[in-house]
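Novice: This is the structure, below, for whatever I ask next.
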Amino acid sequence: MSGSVLRTLADLTSTFCEHLTYSYPGAAEPALSGVTFEIRAGEYVGVVGPNGGGKSTLVRLLNGLLAADSGRVRLAGLDPATEPFEVRRLVGVLFQNPDNGLVAPFVEDDVAFGLENLGVERAEMRERVREAIASVGLAGYERREPHTLSGGEKQRVALAGLLAVGPEVLLLDEPTAMLDAAGRREVLDRVRELARSRTVLHVTHHLEELFDADRVLVLNGGRLAADTTPGELFSDAELLRENRLVLPTVPRLAAELGLPFCRTPEELAAAVGKARDGSGVEAR
Amino acid sequence: MRIELEGVRHVYSPGTPFAVEALKDVSLGVEAGEVLGVIGGTGSGKSTLVQHLNLLLAPTAGRVLVDGEDARSVDRADLRRRVGLVFQSPEQALFAPTVEEDVAFAPQRLGLGEEEVRRRVRETLELLGAWHLATRSPFALSGGEKRRVAIAGVLAMGPEVLVLDEPTAGLDPHARSELIDLVVRLKASGMTVVFVSHDLDEVAEVADRVCVLEGGEVRAVGPPADVFYADPSMAPETMRVAAALGGACPAVGRPVRYRETLSVLGRVMGAAP
């Protein structure tokens with residue numbers, strides 16, 4: 001199947017899960033239970049929930065690393081469990097630990113790795129590798145050795161490796177968990193940019209990473225506890241508490257002060273100043 | 001117990017093409033009973049530094065002093081019991097069939113009697129709110145539970161200083177706040193805690209002093225308000241709000257912790273312009 005045919009299919013059909021259920025061998029409780037949702041092509045969807053909620057299991061079912069016990073998963077009409085190779089061309093997965101994914105001696109070889117497996121022509125491969133490296137802001141890094149890079153740079157190399165294959169869907173499984181503040185910012189900037197032209201499913205413990213998401217799925221105890229928007233989730237104290245979610249510092253301060261949603265420290269400072277200058281609103 | 005690093009330098013693989021100078025010239029004291037936060041980006045030398053506190057790594061140059069005495073002359077096993085080190089992702093070292101047995105491993109190695117071992121295991125697990133997990137397999141626990149059991153294994157040795165290297169990495173927000181609470185309780189019980197993290201907000205909540213590492217050197221050390229307000233480029237969100245308000249409203253002061261910031265902001269809002 002050529003790239004363009006796949007692209008058309010991906011546009012026409014969405015990613016969806018229907019009554020998806022999976023139990024790890026020997027586990028007393030299912031890791032996912034009756035999960036149903038749909039992601040339309042081009043959407044940016046966050047996935048949050050407590051440890052053990054089923055987030056990573058979902059990612060593994062979506063790219064065919066695990067096969068569902070019951071229910072259906074489809075990506076562009078394909079079942080990842082029976083057509084994993086087709087699906088993995090469409091779906092790139094970025095995992096948590098940047099040290100586990102890099103295999104080659106130089107950045108460009110690492111980015112080319114996926115294309116080599118697909119048997120892409122050498123000239124085309126060079127072009128796609130160059131483009132992918134540039135698209136994560138690492139032009140000039142082609143001959144660097146991955147082990148000399150920072151965590152944020154390594155995650156961006158891994159991301160370039162996914163992009164070179166040209167996936168329609170990116171699954172990001174806590175891509176910033178091992179990174180420091182600078183690395184986290186680098187990776188998040190790229191993710192936001194990529195989310196404009198692709199379908200992105202972004203698993204995270206940090207709600208502040210999902211300010212720009214179109215939707216947020218909340219997984220808890222293997223069940224889909226909510227399918228909502230970031231704005232609604234952030235303002236629903238009960239939903240947050242039930243799912244062991246904690247608001248980021250700035251919106252949390254704003255909520256406790258009875259102020260509208262604030263995203264940055266500067267916004268909150270302005271809102272506090274305005275409240276003072278206004279009517280001397282009672283602080284709670 | 002007081003630990004002091006005196007001009008500590010550490011080079012990995014010295015004399016080879018792979019030599020890396022991870023610590024350049026670090027002098028730093030860990031005071032008895034304090035919570036010392038160690039912050040800094042990836043590769044700044046945080047993990048290398050803390051492994052010197054019980055001589056798991058020996059300095060290439062410089063000295064580590066324990067209560068004023070060169071640590072090299074202190075009994076190594078005793079030093080490692082007194083300075084308990086919890087590595088990054090400590091749950092990877094869980095190995096026993098049950099939580100109870102896993103936590104009992106270190107006290108048993110110390111040659112304690114069966115009764116004493118049992119007492120310590122129970123006490124530590126209770127302190128960590130994990131006693132109900134005692135008979136479970138450590139491998140069937142959630143990430144946050146595993147992390148707490150792994151920390152219990154170190155605490156059961158009865159250390160005077162507990163060193164936690166990125167203890168909250170990969171945990172959900174709820175499990176993170178549980179860990180922060182634990183640090184507060186340990187401090188209240190008189191324990192010295194060294195808390196390594198790249199999450200400034202978290203360090204701001206618990207640290208009595210913070211040490212900022214950069215490129216293997218101490219860039220700043222002192223009370224959180226002094227360190228953070230001196231350099232807004234690496235300040236927690238709470239402080240950024242206060243700093244953004246500070247110009248227009250000097251009464252804001254220098255709050256660092258969440259509760260403190262909340263009450264300051266509340267006061268500002270309530271005050272007449």
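Every chain in the structure tokens has a letter given in the order shown (A, B, ...), and although residue numbers restart at 1 in each chain, ligands are simply numbered from 1 in the order shown.
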Give one line per residue of chain B that approaches chain A to at most 10 Å, naming the two atoms of the closest pair and their distance in Å to one decimal, counting only C-alpha atoms; sort by chain then ascending residue number and deliver it as JSON lines.
Specialist:
```
{"residue": "B:Ile39", "atom": "CA", "partner": "A:Asp180", "partner_atom": "CA", "distance": 9.9}
{"residue": "B:Gly40", "atom": "CA", "partner": "A:Asp180", "partner_atom": "CA", "distance": 8.1}
{"residue": "B:Gly41", "atom": "CA", "partner": "A:Asp180", "partner_atom": "CA", "distance": 5.5}
{"residue": "B:Thr42", "atom": "CA", "partner": "A:Asp180", "partner_atom": "CA", "distance": 5.9}
{"residue": "B:Gly43", "atom": "CA", "partner": "A:Ser150", "partner_atom": "CA", "distance": 7.6}
{"residue": "B:Ala140", "atom": "CA", "partner": "A:Ala27", "partner_atom": "CA", "distance": 8.2}
{"residue": "B:Leu141", "atom": "CA", "partner": "A:Gly52", "partner_atom": "CA", "distance": 8.8}
{"residue": "B:Ser142", "atom": "CA", "partner": "A:Gly52", "partner_atom": "CA", "distance": 5.8}
{"residue": "B:Gly143", "atom": "CA", "partner": "A:Asn51", "partner_atom": "CA", "distance": 6.0}
{"residue": "B:Gly144", "atom": "CA", "partner": "A:Asn51", "partner_atom": "CA", "distance": 7.1}
{"residue": "B:Glu145", "atom": "CA", "partner": "A:Asn51", "partner_atom": "CA", "distance": 9.6}
{"residue": "B:Glu166", "atom": "CA", "partner": "A:Met178", "partner_atom": "CA", "distance": 9.7}
{"residue": "B:Ala169", "atom": "CA", "partner": "A:Ala177", "partner_atom": "CA", "distance": 6.6}
{"residue": "B:Gly170", "atom": "CA", "partner": "A:Ala177", "partner_atom": "CA", "distance": 5.7}
{"residue": "B:Leu171", "atom": "CA", "partner": "A:Asn51", "partner_atom": "CA", "distance": 6.8}
{"residue": "B:Asp172", "atom": "CA", "partner": "A:Pro50", "partner_atom": "CA", "distance": 5.5}
{"residue": "B:Pro173", "atom": "CA", "partner": "A:Val246", "partner_atom": "CA", "distance": 5.8}
{"residue": "B:His174", "atom": "CA", "partner": "A:Arg244", "partner_atom": "CA", "distance": 5.5}
{"residue": "B:Ala175", "atom": "CA", "partner": "A:Asn51", "partner_atom": "CA", "distance": 8.5}
{"residue": "B:Arg176", "atom": "CA", "partner": "A:Val246", "partner_atom": "CA", "distance": 9.9}
{"residue": "B:Ser177", "atom": "CA", "partner": "A:Val246", "partner_atom": "CA", "distance": 9.2}
{"residue": "B:Ser197", "atom": "CA", "partner": "A:Asp180", "partner_atom": "CA", "distance": 8.9}
{"residue": "B:His198", "atom": "CA", "partner": "A:Asp180", "partner_atom": "CA", "distance": 5.6}
{"residue": "B:Asp199", "atom": "CA", "partner": "A:Ala181", "partner_atom": "CA", "distance": 7.4}
{"residue": "B:Leu200", "atom": "CA", "partner": "A:Ala181", "partner_atom": "CA", "distance": 8.8}
{"residue": "B:Asp201", "atom": "CA", "partner": "A:Thr249", "partner_atom": "CA", "distance": 8.1}
{"residue": "B:Met234", "atom": "CA", "partner": "A:Ala181", "partner_atom": "CA", "distance": 9.3}
{"residue": "B:Pro236", "atom": "CA", "partner": "A:Thr249", "partner_atom": "CA", "distance": 9.1}
{"residue": "B:Glu237", "atom": "CA", "partner": "A:Pro265", "partner_atom": "CA", "distance": 6.4}
{"residue": "B:Thr238", "atom": "CA", "partner": "A:Thr249", "partner_atom": "CA", "distance": 7.0}
{"residue": "B:Met239", "atom": "CA", "partner": "A:Pro265", "partner_atom": "CA", "distance": 8.6}
{"residue": "B:Arg240", "atom": "CA", "partner": "A:Pro265", "partner_atom": "CA", "distance": 5.7}
{"residue": "B:Val241", "atom": "CA", "partner": "A:Pro265", "partner_atom": "CA", "distance": 4.5}
{"residue": "B:Ala242", "atom": "CA", "partner": "A:Ala269", "partner_atom": "CA", "distance": 7.1}
{"residue": "B:Ala243", "atom": "CA", "partner": "A:Ala269", "partner_atom": "CA", "distance": 8.5}
{"residue": "B:Ala244", "atom": "CA", "partner": "A:Ala269", "partner_atom": "CA", "distance": 5.8}
{"residue": "B:Leu245", "atom": "CA", "partner": "A:Ala269", "partner_atom": "CA", "distance": 5.3}
{"residue": "B:Gly246", "atom": "CA", "partner": "A:Ala269", "partner_atom": "CA", "distance": 9.0}
{"residue": "B:Ala248", "atom": "CA", "partner": "A:Gly273", "partner_atom": "CA", "distance": 8.1}
{"residue": "B:Cys249", "atom": "CA", "partner": "A:Gly273", "partner_atom": "CA", "distance": 8.5}
{"residue": "B:Tyr258", "atom": "CA", "partner": "A:Thr249", "partner_atom": "CA", "distance": 7.9}
{"residue": "B:Arg259", "atom": "CA", "partner": "A:Leu253", "partner_atom": "CA", "distance": 9.3}
{"residue": "B:Thr261", "atom": "CA", "partner": "A:Leu253", "partner_atom": "CA", "distance": 8.4}
{"residue": "B:Leu262", "atom": "CA", "partner": "A:Leu253", "partner_atom": "CA", "distance": 6.3}
{"residue": "B:Ser263", "atom": "CA", "partner": "A:Ala283", "partner_atom": "CA", "distance": 8.7}
{"residue": "B:Leu265", "atom": "CA", "partner": "A:Val272", "partner_atom": "CA", "distance": 7.0}
{"residue": "B:Gly266", "atom": "CA", "partner": "A:Ala283", "partner_atom": "CA", "distance": 4.8}
{"residue": "B:Arg267", "atom": "CA", "partner": "A:Ala283", "partner_atom": "CA", "distance": 7.0}
{"residue": "B:Val268", "atom": "CA", "partner": "A:Arg276", "partner_atom": "CA", "distance": 6.5}
{"residue": "B:Met269", "atom": "CA", "partner": "A:Arg276", "partner_atom": "CA", "distance": 4.3}
{"residue": "B:Gly270", "atom": "CA", "partner": "A:Gly280", "partner_atom": "CA", "distance": 5.1}
{"residue": "B:Ala271", "atom": "CA", "partner": "A:Gly280", "partner_atom": "CA", "distance": 6.2}
{"residue": "B:Ala272", "atom": "CA", "partner": "A:Gly280", "partner_atom": "CA", "distance": 5.7}
{"residue": "B:Pro273", "atom": "CA", "partner": "A:Asp277", "partner_atom": "CA", "distance": 5.3}
```
Novice: Let me see the file: selected residues, N, CA and C atoms, as a compact mmCIF listing (two decimals), in the first residue's frame.
Specialist:
```txt
# COMPACT_ATOMS: atom_id res chain seq x y z
N ILE B 39 18.68 20.66 43.56
CA ILE B 39 18.03 20.81 42.27
C ILE B 39 19.06 21.10 41.18
N GLY B 40 18.64 20.99 39.95
CA GLY B 40 19.54 21.18 38.82
C GLY B 40 19.06 20.34 37.66
N GLY B 41 19.46 20.72 36.46
CA GLY B 41 19.02 20.02 35.26
C GLY B 41 19.66 18.66 35.13
N THR B 42 19.22 17.91 34.09
CA THR B 42 19.83 16.63 33.79
C THR B 42 21.32 16.85 33.56
N GLY B 43 22.14 15.98 34.14
CA GLY B 43 23.58 16.08 33.91
C GLY B 43 24.27 17.16 34.73
N ALA B 140 3.04 -6.83 42.32
CA ALA B 140 1.64 -6.63 41.94
C ALA B 140 1.11 -5.29 42.44
N LEU B 141 2.00 -4.41 42.91
CA LEU B 141 1.56 -3.13 43.45
C LEU B 141 1.58 -2.05 42.38
N SER B 142 0.90 -0.94 42.67
CA SER B 142 0.94 0.20 41.75
C SER B 142 2.28 0.90 41.88
N GLY B 143 2.56 1.81 40.96
CA GLY B 143 3.85 2.52 40.96
C GLY B 143 4.13 3.24 42.26
N GLY B 144 3.12 3.93 42.79
CA GLY B 144 3.30 4.69 44.02
C GLY B 144 3.52 3.77 45.21
N GLU B 145 2.80 2.65 45.24
CA GLU B 145 2.96 1.68 46.34
C GLU B 145 4.35 1.05 46.31
N GLU B 166 15.38 11.78 43.19
CA GLU B 166 14.19 11.86 42.33
C GLU B 166 13.07 10.92 42.79
N ALA B 169 9.69 10.94 40.57
CA ALA B 169 9.68 10.80 39.10
C ALA B 169 8.75 9.66 38.68
N GLY B 170 7.87 9.95 37.75
CA GLY B 170 7.00 8.92 37.20
C GLY B 170 5.77 8.61 38.05
N LEU B 171 5.62 9.28 39.19
CA LEU B 171 4.44 9.03 40.03
C LEU B 171 3.30 9.97 39.65
N ASP B 172 2.07 9.52 39.94
CA ASP B 172 0.95 10.41 39.67
C ASP B 172 0.90 11.49 40.75
N PRO B 173 0.17 12.57 40.49
CA PRO B 173 0.22 13.73 41.40
C PRO B 173 -0.17 13.37 42.83
N HIS B 174 -1.10 12.45 42.98
CA HIS B 174 -1.54 12.08 44.31
C HIS B 174 -0.40 11.38 45.06
N ALA B 175 0.24 10.42 44.39
CA ALA B 175 1.36 9.69 45.00
C ALA B 175 2.51 10.66 45.29
N ARG B 176 2.66 11.66 44.45
CA ARG B 176 3.71 12.67 44.69
C ARG B 176 3.44 13.41 45.98
N SER B 177 2.19 13.85 46.17
CA SER B 177 1.92 14.62 47.38
C SER B 177 2.03 13.74 48.62
N SER B 197 15.66 16.58 43.18
CA SER B 197 14.53 16.64 42.26
C SER B 197 14.80 17.68 41.18
N HIS B 198 14.18 17.50 40.00
CA HIS B 198 14.25 18.63 39.08
C HIS B 198 12.92 19.38 39.04
N ASP B 199 12.05 19.04 39.99
CA ASP B 199 10.78 19.74 40.08
C ASP B 199 10.87 20.82 41.17
N LEU B 200 11.00 22.06 40.74
CA LEU B 200 11.21 23.17 41.68
C LEU B 200 10.04 23.33 42.64
N ASP B 201 8.82 23.17 42.13
CA ASP B 201 7.64 23.37 42.96
C ASP B 201 7.63 22.42 44.15
N MET B 234 14.98 30.26 37.67
CA MET B 234 14.74 28.91 38.19
C MET B 234 13.95 29.03 39.49
N PRO B 236 10.05 28.38 41.47
CA PRO B 236 8.78 27.67 41.38
C PRO B 236 7.66 28.63 40.97
N GLU B 237 6.57 28.04 40.49
CA GLU B 237 5.43 28.83 39.99
C GLU B 237 4.88 29.79 41.05
N THR B 238 4.84 29.29 42.30
CA THR B 238 4.31 30.12 43.38
C THR B 238 5.06 31.46 43.43
N MET B 239 6.39 31.34 43.38
CA MET B 239 7.21 32.53 43.48
C MET B 239 7.05 33.43 42.26
N ARG B 240 6.82 32.81 41.10
CA ARG B 240 6.65 33.63 39.89
C ARG B 240 5.41 34.50 39.97
N VAL B 241 4.36 33.95 40.59
CA VAL B 241 3.15 34.75 40.75
C VAL B 241 3.46 35.94 41.66
N ALA B 242 4.11 35.64 42.79
CA ALA B 242 4.43 36.70 43.76
C ALA B 242 5.36 37.73 43.13
N ALA B 243 6.32 37.25 42.35
CA ALA B 243 7.28 38.17 41.73
C ALA B 243 6.57 39.05 40.72
N ALA B 244 5.61 38.47 39.97
CA ALA B 244 4.89 39.25 38.96
C ALA B 244 4.02 40.32 39.63
N LEU B 245 3.58 40.04 40.84
CA LEU B 245 2.76 41.00 41.58
C LEU B 245 3.61 42.00 42.35
N GLY B 246 4.77 41.54 42.74
CA GLY B 246 5.62 42.27 43.68
C GLY B 246 5.84 43.72 43.32
N ALA B 248 3.98 45.86 41.71
CA ALA B 248 2.84 46.71 41.98
C ALA B 248 2.44 46.68 43.44
N CYS B 249 2.97 45.73 44.17
CA CYS B 249 2.45 45.49 45.51
C CYS B 249 3.55 44.90 46.40
N TYR B 258 3.26 26.73 48.89
CA TYR B 258 1.93 26.92 48.31
C TYR B 258 0.98 27.63 49.28
N ARG B 259 0.88 27.10 50.51
CA ARG B 259 -0.05 27.67 51.50
C ARG B 259 0.27 29.14 51.78
N THR B 261 1.84 31.22 49.83
CA THR B 261 1.52 32.03 48.65
C THR B 261 0.02 32.28 48.58
N LEU B 262 -0.76 31.23 48.85
CA LEU B 262 -2.21 31.35 48.79
C LEU B 262 -2.68 32.42 49.78
N SER B 263 -2.15 32.39 50.99
CA SER B 263 -2.66 33.35 51.98
C SER B 263 -2.18 34.76 51.66
N LEU B 265 -1.68 35.96 48.61
CA LEU B 265 -2.51 36.43 47.49
C LEU B 265 -3.91 36.80 47.99
N GLY B 266 -4.43 35.98 48.90
CA GLY B 266 -5.75 36.26 49.46
C GLY B 266 -5.76 37.62 50.17
N ARG B 267 -4.68 37.86 50.93
CA ARG B 267 -4.59 39.15 51.65
C ARG B 267 -4.54 40.31 50.67
N VAL B 268 -3.75 40.13 49.61
CA VAL B 268 -3.61 41.20 48.61
C VAL B 268 -4.98 41.51 47.99
N MET B 269 -5.73 40.43 47.67
CA MET B 269 -7.04 40.64 47.03
C MET B 269 -8.01 41.34 47.96
N GLY B 270 -7.91 40.99 49.25
CA GLY B 270 -8.82 41.57 50.22
C GLY B 270 -8.50 43.02 50.54
N ALA B 271 -7.21 43.37 50.37
CA ALA B 271 -6.78 44.71 50.76
C ALA B 271 -7.33 45.77 49.81
N ALA B 272 -7.63 46.93 50.36
CA ALA B 272 -8.07 48.04 49.51
C ALA B 272 -6.87 48.52 48.71
N PRO B 273 -7.08 49.02 47.48
CA PRO B 273 -5.97 49.47 46.65
C PRO B 273 -5.25 50.67 47.27
```
Novice: DSSP on the backbone: which residues in range 56-120 of chain A end up as strand (DSSP E or B)? Give the answer as a ChimeraX atom specification.
Specialist: /A:70-75,78,91-94
Novice: Export, as an mmCIF file, in the first residue's frame, the selected residues with C-alpha atoms.
Specialist:
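Saved result, out_5.cif, follows:
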```
data_model
loop_
_atom_site.group_PDB
_atom_site.id
_atom_site.type_symbol
_atom_site.label_atom_id
_atom_site.label_comp_id
_atom_site.auth_asym_id
_atom_site.auth_seq_id
_atom_site.Cartn_x
_atom_site.Cartn_y
_atom_site.Cartn_z
ATOM 1 C CA SER A 70 -12.673 -8.399 24.002
ATOM 2 C CA GLY A 71 -13.934 -5.299 22.272
ATOM 3 C CA ARG A 72 -12.468 -3.632 19.205
ATOM 4 C CA VAL A 73 -9.627 -1.240 18.375
ATOM 5 C CA ARG A 74 -9.358 0.262 14.922
ATOM 6 C CA LEU A 75 -6.883 2.736 13.485
ATOM 7 C CA LEU A 78 -7.055 -1.550 10.749
ATOM 8 C CA VAL A 91 1.154 5.091 14.426
ATOM 9 C CA GLY A 92 4.359 6.239 16.068
ATOM 10 C CA VAL A 93 4.855 5.639 19.783
ATOM 11 C CA LEU A 94 7.133 7.764 21.948
#
```
Novice: Report as a ChimeraX atom specification all protein, DNA and RNA residues lying within 12 Å of Leu172 in chain A, evaluated on only C-alpha atoms, omitting residues in the same chain fewer than 5 positions from it.
Specialist: /A:44-48,55-56,58-60,62-63,91-97,155-156,158-159,162,177,187-188,190-192,194-195,199-204,209
Novice: Extract, using only C-alpha atoms, all DNA, RNA and protein residues at most 8 Å from range 103-120 of chain A, discarding same-chain residues fewer than 2 positions from it, and format them as a PyMOL selection string.
Specialist: chain A and resi 101+122+124-126+129-130+132-133+141-146+157-158+160-162+164-165
Novice: Using DSSP on the backbone, list every residue of range 42-186 of chain B that comes out as helix (DSSP H, G or I), and give them as JSON, numbers by chain.
Specialist: {"B": [46, 47, 48, 49, 50, 71, 72, 73, 76, 77, 78, 79, 80, 81, 82, 90, 91, 92, 93, 99, 100, 101, 102, 103, 104, 105, 106, 107, 108, 109, 114, 115, 116, 117, 118, 119, 120, 121, 122, 123, 124, 125, 126, 127, 131, 132, 133, 138, 139, 140, 143, 144, 145, 146, 147, 148, 149, 150, 151, 152, 153, 154, 155, 173, 174, 175, 176, 177, 178, 179, 180, 181, 182, 183, 184, 185, 186]}
Novice: Kindly give the distance, in Å, that separates CA of Ala156 in chain B and CA of Glu116 in chain B, rounded to a single decimal.
Specialist: 10.5 Å
Novice: Which one is closest to Val264 in chain B: B:Gly68, B:Pro14, B:Pro224, B:Pro250? Count only C-alpha atoms.
Specialist: B:Pro250
Novice: Here is a test: counting only C-alpha atoms, which residue of B:Glu217, B:Glu160, B:Asp25, B:Glu4 is nearest to Arg82 in chain B?
Specialist: B:Glu160
Novice: Please compute the CA of Cys211 in chain B-CA of Ala230 in chain B distance, one decimal, in Å.
Specialist: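 We find that CA of Cys211 in chain B and CA of Ala230 in chain B lie 13.1 Å from each other.
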Novice: Name all residues at most 10 Å from range 119-133 of chain B (count only C-alpha atoms; drop same-chain ones fewer than 6 positions away) and give them as number ranges by chain.
Specialist: B: 98-107, 112-113, 141, 145-146, 148-149, 151-158, 178-179, 181-182, 185-186
Novice: I'd like the contact shell of Pro97 in chain B - 9 Å cut-off, only C-alpha atoms, skipping same-chain residues fewer than 5 positions apart - returned as a list in words.
Specialist: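 So the residues in contact are Asp102, Thr135, Arg136, Ser137, Pro138 and Phe139 of chain B.
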Novice: I need the residues from that last selection saved to file as a short mmCIF file (atom, residue, chain, number, x, y, z; two decimals), in the first residue's frame (with N, CA and C atoms), if you can.
Specialist:
```
data_model
loop_
_atom_site.label_atom_id
_atom_site.label_comp_id
_atom_site.auth_asym_id
_atom_site.auth_seq_id
_atom_site.Cartn_x
_atom_site.Cartn_y
_atom_site.Cartn_z
N ASP B 102 10.69 -8.24 51.76
CA ASP B 102 11.56 -7.28 51.07
C ASP B 102 12.07 -6.23 52.04
N THR B 135 1.65 -8.49 53.12
CA THR B 135 1.71 -9.87 52.64
C THR B 135 1.56 -9.96 51.12
N ARG B 136 1.45 -8.79 50.48
CA ARG B 136 1.29 -8.79 49.01
C ARG B 136 2.63 -8.99 48.33
N SER B 137 2.58 -9.37 47.05
CA SER B 137 3.80 -9.42 46.26
C SER B 137 4.15 -8.00 45.83
N PRO B 138 5.41 -7.59 45.99
CA PRO B 138 5.75 -6.21 45.61
C PRO B 138 5.55 -5.96 44.11
N PHE B 139 5.53 -7.03 43.34
CA PHE B 139 5.42 -6.85 41.89
C PHE B 139 4.00 -6.58 41.44
#
```
